[in-house]
Amino acid sequence: MKLADHLKPGGKGVMATAGADGAVNTAIYALPHRTEENTVAWGMTERRTCRNIRENPNASYLYIAPGNRYEGVRLTLKLKEIRDSGELLDTIRERTRESSGEGAADALKYVAFFDVVEERPLV
């Protein structure tokens with residue numbers, strides 16, 4: 001199965017990161033934007049998740065597909081780069097503005113790109 005087959009709109013996603021000190025953080029994240037076959041990206045605010053990936057480029061993303069089944073995917077990620085401008089960041093801000101309002105869109109400062117290191121089933 002391809003990654004896109006697991007990432008059906010309407011589900012719930014959680015990203016887990018850890019800082020240099022090993023302290024773990026989890027946060028709710030939307031579906032990623034696929035930029036290449038094995039590269040995904042998310043818009044980020046200047047909060048704990050972004051600080052953590054700057055200190056430790058390893059992250060994990062768990063996505064639960066919509067419905068009453070245990071369908072979804074677990075992704076092991078490695079930070080590729082962080083950008084503070086560009087077309088994708090503009091697109092993410094606009095979509096966020098439409099779904100969550102001006103304040104949420106203005107809070108997005110970066111787009112973080114990750115290589116998908118490993119893809120595993122949810123269960």
# chains A, B, ... in the order shown; residues from 1 in each chain; ligands from 1

call {"tool": "residues_around", "arguments": {"residues": "Gly86 (chain A)", "least_positions_apart": "2", "cutoff": "12 Å", "atoms": "only C-alpha atoms", "output": "mmCIF file with C-alpha atoms, in the first residue's frame"}}
result
data_model
loop_
_atom_site.group_PDB
_atom_site.id
_atom_site.type_symbol
_atom_site.label_atom_id
_atom_site.label_comp_id
_atom_site.auth_asym_id
_atom_site.auth_seq_id
_atom_site.Cartn_x
_atom_site.Cartn_y
_atom_site.Cartn_z
ATOM 1 C CA GLY A 43 3.214 23.966 8.896
ATOM 2 C CA ILE A 82 12.779 23.999 7.843
ATOM 3 C CA ARG A 83 11.747 26.971 5.704
ATOM 4 C CA ASP A 84 10.295 30.274 6.842
ATOM 5 C CA LEU A 88 3.912 25.597 0.416
ATOM 6 C CA LEU A 89 3.946 27.714 3.582
ATOM 7 C CA ASP A 90 1.619 30.217 1.874
ATOM 8 C CA THR A 91 -0.726 27.371 0.876
ATOM 9 C CA ILE A 92 -0.737 25.924 4.399
ATOM 10 C CA ARG A 93 -1.472 29.364 5.886
ATOM 11 C CA LYS A 109 5.908 30.577 10.958
ATOM 12 C CA TYR A 110 7.568 27.598 9.269
ATOM 13 C CA VAL A 111 7.106 24.594 7.059
ATOM 14 C CA ALA A 112 9.106 21.558 8.155
#

call {"tool": "residues_around", "arguments": {"residues": "Pro57 (chain A)", "least_positions_apart": "2", "cutoff": "9 Å", "atoms": "only C-alpha atoms", "output": "PyMOL selection string"}}
result
chain A and resi 17-18+52-55+59+77-80+114

call {"tool": "write_last_selection", "arguments": {"atoms": "C-alpha atoms", "output": "PDB file, in the first residue's frame"}}
result
ATOM      1  CA  THR A  17       9.123  14.719  19.272  1.00  0.00           C
ATOM      2  CA  ALA A  18      11.830  14.892  21.913  1.00  0.00           C
ATOM      3  CA  ASN A  52      12.334  19.927  19.604  1.00  0.00           C
ATOM      4  CA  ILE A  53      12.969  19.083  15.948  1.00  0.00           C
ATOM      5  CA  ARG A  54      15.620  21.815  15.799  1.00  0.00           C
ATOM      6  CA  GLU A  55      17.403  20.065  18.690  1.00  0.00           C
ATOM      7  CA  ALA A  59      10.061  12.450  15.105  1.00  0.00           C
ATOM      8  CA  LEU A  77      10.502  10.722  10.419  1.00  0.00           C
ATOM      9  CA  LYS A  78      13.806  12.566  10.084  1.00  0.00           C
ATOM     10  CA  LEU A  79      13.870  16.336   9.634  1.00  0.00           C
ATOM     11  CA  LYS A  80      15.142  17.337   6.214  1.00  0.00           C
ATOM     12  CA  PHE A 114      10.671  15.291   6.795  1.00  0.00           C
TER      13      PHE A 114
END

call {"tool": "select_by_dssp", "arguments": {"residues": "chain A", "states": "alpha helix (DSSP H)", "output": "JSON, numbers by chain"}}
result
{"A": [3, 4, 5, 6, 48, 49, 50, 51, 52, 53, 54, 55, 87, 88, 89, 90, 91, 92, 93, 94, 95, 96, 97, 98, 99, 100, 102, 103, 104, 105, 106, 107]}

call {"tool": "closest_residue", "arguments": {"among": "A:Tyr63, A:Ala30, A:Thr45, A:Met15", "to": "Gly103 (chain A)", "atoms": "only C-alpha atoms"}}
result
A:Thr45

call {"tool": "select_by_dssp", "arguments": {"residues": "region 1-122 of chain A", "states": "strand (DSSP E or B)", "output": "ChimeraX atom specification"}}
result
/A:12-18,24-28,33-36,39-44,58-64,72-83,110-121

call {"tool": "residues_around", "arguments": {"residues": "region 66-68 of chain A", "least_positions_apart": "6", "cutoff": "10 Å", "atoms": "only C-alpha atoms", "output": "number ranges by chain"}}
result
A: 7-12

call {"tool": "closest_residue", "arguments": {"among": "A:Arg51, A:Arg120, A:Arg74, A:Lys2", "to": "Glu37 (chain A)", "atoms": "only C-alpha atoms"}}
result
A:Lys2

call {"tool": "closest_residue", "arguments": {"among": "A:Asp5, A:Glu81, A:Glu87, A:Glu102", "to": "Thr39 (chain A)", "atoms": "only C-alpha atoms"}}
result
A:Glu81

call {"tool": "closest_residue", "arguments": {"among": "A:Ala65, A:Met44, A:Val14, A:Val123", "to": "Asp106 (chain A)", "atoms": "only C-alpha atoms"}}
result
A:Met44

call {"tool": "decode", "arguments": {"residues": "region 38-79 of chain A", "atoms": "N, CA and C atoms", "output": "mmCIF file, in the first residue's frame"}}
result
data_model
loop_
_atom_site.group_PDB
_atom_site.id
_atom_site.type_symbol
_atom_site.label_atom_id
_atom_site.label_comp_id
_atom_site.auth_asym_id
_atom_site.auth_seq_id
_atom_site.Cartn_x
_atom_site.Cartn_y
_atom_site.Cartn_z
ATOM 1 N N ASN A 38 8.789 10.131 -0.710
ATOM 2 C CA ASN A 38 9.076 9.816 0.690
ATOM 3 C C ASN A 38 9.362 11.055 1.521
ATOM 4 N N THR A 39 8.743 12.156 1.157
ATOM 5 C CA THR A 39 8.911 13.405 1.906
ATOM 6 C C THR A 39 7.539 13.976 2.236
ATOM 7 N N VAL A 40 7.358 14.361 3.497
ATOM 8 C CA VAL A 40 6.110 14.970 3.960
ATOM 9 C C VAL A 40 6.446 16.284 4.661
ATOM 10 N N ALA A 41 5.450 17.149 4.760
ATOM 11 C CA ALA A 41 5.700 18.461 5.362
ATOM 12 C C ALA A 41 4.474 18.930 6.138
ATOM 13 N N TRP A 42 4.735 19.712 7.175
ATOM 14 C CA TRP A 42 3.688 20.329 7.985
ATOM 15 C C TRP A 42 4.042 21.785 8.253
ATOM 16 N N GLY A 43 3.018 22.616 8.399
ATOM 17 C CA GLY A 43 3.214 23.966 8.896
ATOM 18 C C GLY A 43 3.440 23.893 10.400
ATOM 19 N N MET A 44 4.273 24.799 10.919
ATOM 20 C CA MET A 44 4.581 24.771 12.352
ATOM 21 C C MET A 44 4.603 26.165 12.946
ATOM 22 N N THR A 45 4.203 26.219 14.198
ATOM 23 C CA THR A 45 4.288 27.445 14.974
ATOM 24 C C THR A 45 5.610 27.436 15.739
ATOM 25 N N GLU A 46 5.903 28.520 16.404
ATOM 26 C CA GLU A 46 7.133 28.603 17.207
ATOM 27 C C GLU A 46 6.816 28.084 18.606
ATOM 28 N N ARG A 47 6.593 26.787 18.682
ATOM 29 C CA ARG A 47 6.270 26.161 19.962
ATOM 30 C C ARG A 47 7.147 24.945 20.175
ATOM 31 N N ARG A 48 6.761 24.096 21.102
ATOM 32 C CA ARG A 48 7.614 22.994 21.556
ATOM 33 C C ARG A 48 8.002 22.013 20.447
ATOM 34 N N THR A 49 7.058 21.626 19.580
ATOM 35 C CA THR A 49 7.386 20.666 18.515
ATOM 36 C C THR A 49 8.493 21.203 17.622
ATOM 37 N N CYS A 50 8.374 22.447 17.214
ATOM 38 C CA CYS A 50 9.388 23.043 16.345
ATOM 39 C C CYS A 50 10.728 23.168 17.072
ATOM 40 N N ARG A 51 10.687 23.581 18.313
ATOM 41 C CA ARG A 51 11.942 23.669 19.090
ATOM 42 C C ARG A 51 12.597 22.288 19.209
ATOM 43 N N ASN A 52 11.787 21.274 19.460
ATOM 44 C CA ASN A 52 12.334 19.927 19.604
ATOM 45 C C ASN A 52 13.010 19.436 18.326
ATOM 46 N N ILE A 53 12.370 19.611 17.177
ATOM 47 C CA ILE A 53 12.969 19.083 15.948
ATOM 48 C C ILE A 53 14.226 19.853 15.550
ATOM 49 N N ARG A 54 14.367 21.083 16.033
ATOM 50 C CA ARG A 54 15.620 21.815 15.799
ATOM 51 C C ARG A 54 16.748 21.205 16.635
ATOM 52 N N GLU A 55 16.410 20.684 17.799
ATOM 53 C CA GLU A 55 17.403 20.065 18.690
ATOM 54 C C GLU A 55 17.646 18.598 18.353
ATOM 55 N N ASN A 56 16.586 17.911 17.917
ATOM 56 C CA ASN A 56 16.638 16.475 17.654
ATOM 57 C C ASN A 56 15.781 16.225 16.408
ATOM 58 N N PRO A 57 16.391 15.883 15.288
ATOM 59 C CA PRO A 57 15.642 15.797 14.030
ATOM 60 C C PRO A 57 14.723 14.590 13.886
ATOM 61 N N ASN A 58 14.677 13.732 14.877
ATOM 62 C CA ASN A 58 13.845 12.526 14.794
ATOM 63 C C ASN A 58 12.454 12.786 15.364
ATOM 64 N N ALA A 59 11.448 12.273 14.666
ATOM 65 C CA ALA A 59 10.061 12.450 15.105
ATOM 66 C C ALA A 59 9.249 11.233 14.685
ATOM 67 N N SER A 60 8.047 11.155 15.218
ATOM 68 C CA SER A 60 7.123 10.081 14.875
ATOM 69 C C SER A 60 5.747 10.697 14.657
ATOM 70 N N TYR A 61 5.020 10.176 13.683
ATOM 71 C CA TYR A 61 3.669 10.646 13.390
ATOM 72 C C TYR A 61 2.746 9.445 13.336
ATOM 73 N N LEU A 62 1.652 9.511 14.065
ATOM 74 C CA LEU A 62 0.649 8.452 14.100
ATOM 75 C C LEU A 62 -0.630 9.022 13.523
ATOM 76 N N TYR A 63 -1.194 8.331 12.546
ATOM 77 C CA TYR A 63 -2.434 8.795 11.921
ATOM 78 C C TYR A 63 -3.499 7.717 12.022
ATOM 79 N N ILE A 64 -4.649 8.089 12.577
ATOM 80 C CA ILE A 64 -5.799 7.190 12.694
ATOM 81 C C ILE A 64 -6.818 7.622 11.641
ATOM 82 N N ALA A 65 -7.069 6.745 10.679
ATOM 83 C CA ALA A 65 -8.006 7.045 9.598
ATOM 84 C C ALA A 65 -9.422 7.183 10.147
ATOM 85 N N PRO A 66 -10.292 7.895 9.427
ATOM 86 C CA PRO A 66 -11.670 8.048 9.897
ATOM 87 C C PRO A 66 -12.408 6.713 9.914
ATOM 88 N N GLY A 67 -13.396 6.634 10.772
ATOM 89 C CA GLY A 67 -14.186 5.406 10.871
ATOM 90 C C GLY A 67 -13.964 4.717 12.196
ATOM 91 N N ASN A 68 -14.595 3.576 12.363
ATOM 92 C CA ASN A 68 -14.542 2.843 13.623
ATOM 93 C C ASN A 68 -13.528 1.712 13.622
ATOM 94 N N ARG A 69 -12.641 1.671 12.644
ATOM 95 C CA ARG A 69 -11.651 0.606 12.562
ATOM 96 C C ARG A 69 -10.293 1.129 13.010
ATOM 97 N N TYR A 70 -9.424 0.200 13.251
ATOM 98 C CA TYR A 70 -8.050 0.565 13.612
ATOM 99 C C TYR A 70 -7.205 0.628 12.346
ATOM 100 N N GLU A 71 -7.523 1.588 11.495
ATOM 101 C CA GLU A 71 -6.787 1.771 10.253
ATOM 102 C C GLU A 71 -5.986 3.055 10.360
ATOM 103 N N GLY A 72 -4.834 3.038 9.752
ATOM 104 C CA GLY A 72 -3.991 4.216 9.760
ATOM 105 C C GLY A 72 -2.550 3.819 9.550
ATOM 106 N N VAL A 73 -1.657 4.686 9.993
ATOM 107 C CA VAL A 73 -0.239 4.458 9.741
ATOM 108 C C VAL A 73 0.601 5.110 10.832
ATOM 109 N N ARG A 74 1.766 4.532 11.066
ATOM 110 C CA ARG A 74 2.769 5.125 11.956
ATOM 111 C C ARG A 74 3.992 5.426 11.107
ATOM 112 N N LEU A 75 4.457 6.660 11.157
ATOM 113 C CA LEU A 75 5.613 7.070 10.369
ATOM 114 C C LEU A 75 6.770 7.443 11.283
ATOM 115 N N THR A 76 7.940 6.931 10.972
ATOM 116 C CA THR A 76 9.167 7.376 11.620
ATOM 117 C C THR A 76 9.768 8.414 10.686
ATOM 118 N N LEU A 77 10.097 9.574 11.236
ATOM 119 C CA LEU A 77 10.502 10.722 10.419
ATOM 120 C C LEU A 77 11.876 11.248 10.802
ATOM 121 N N LYS A 78 12.532 11.881 9.836
ATOM 122 C CA LYS A 78 13.806 12.566 10.084
ATOM 123 C C LYS A 78 13.722 13.931 9.398
ATOM 124 N N LEU A 79 13.949 14.979 10.176
ATOM 125 C CA LEU A 79 13.870 16.336 9.634
ATOM 126 C C LEU A 79 14.848 16.516 8.485
#
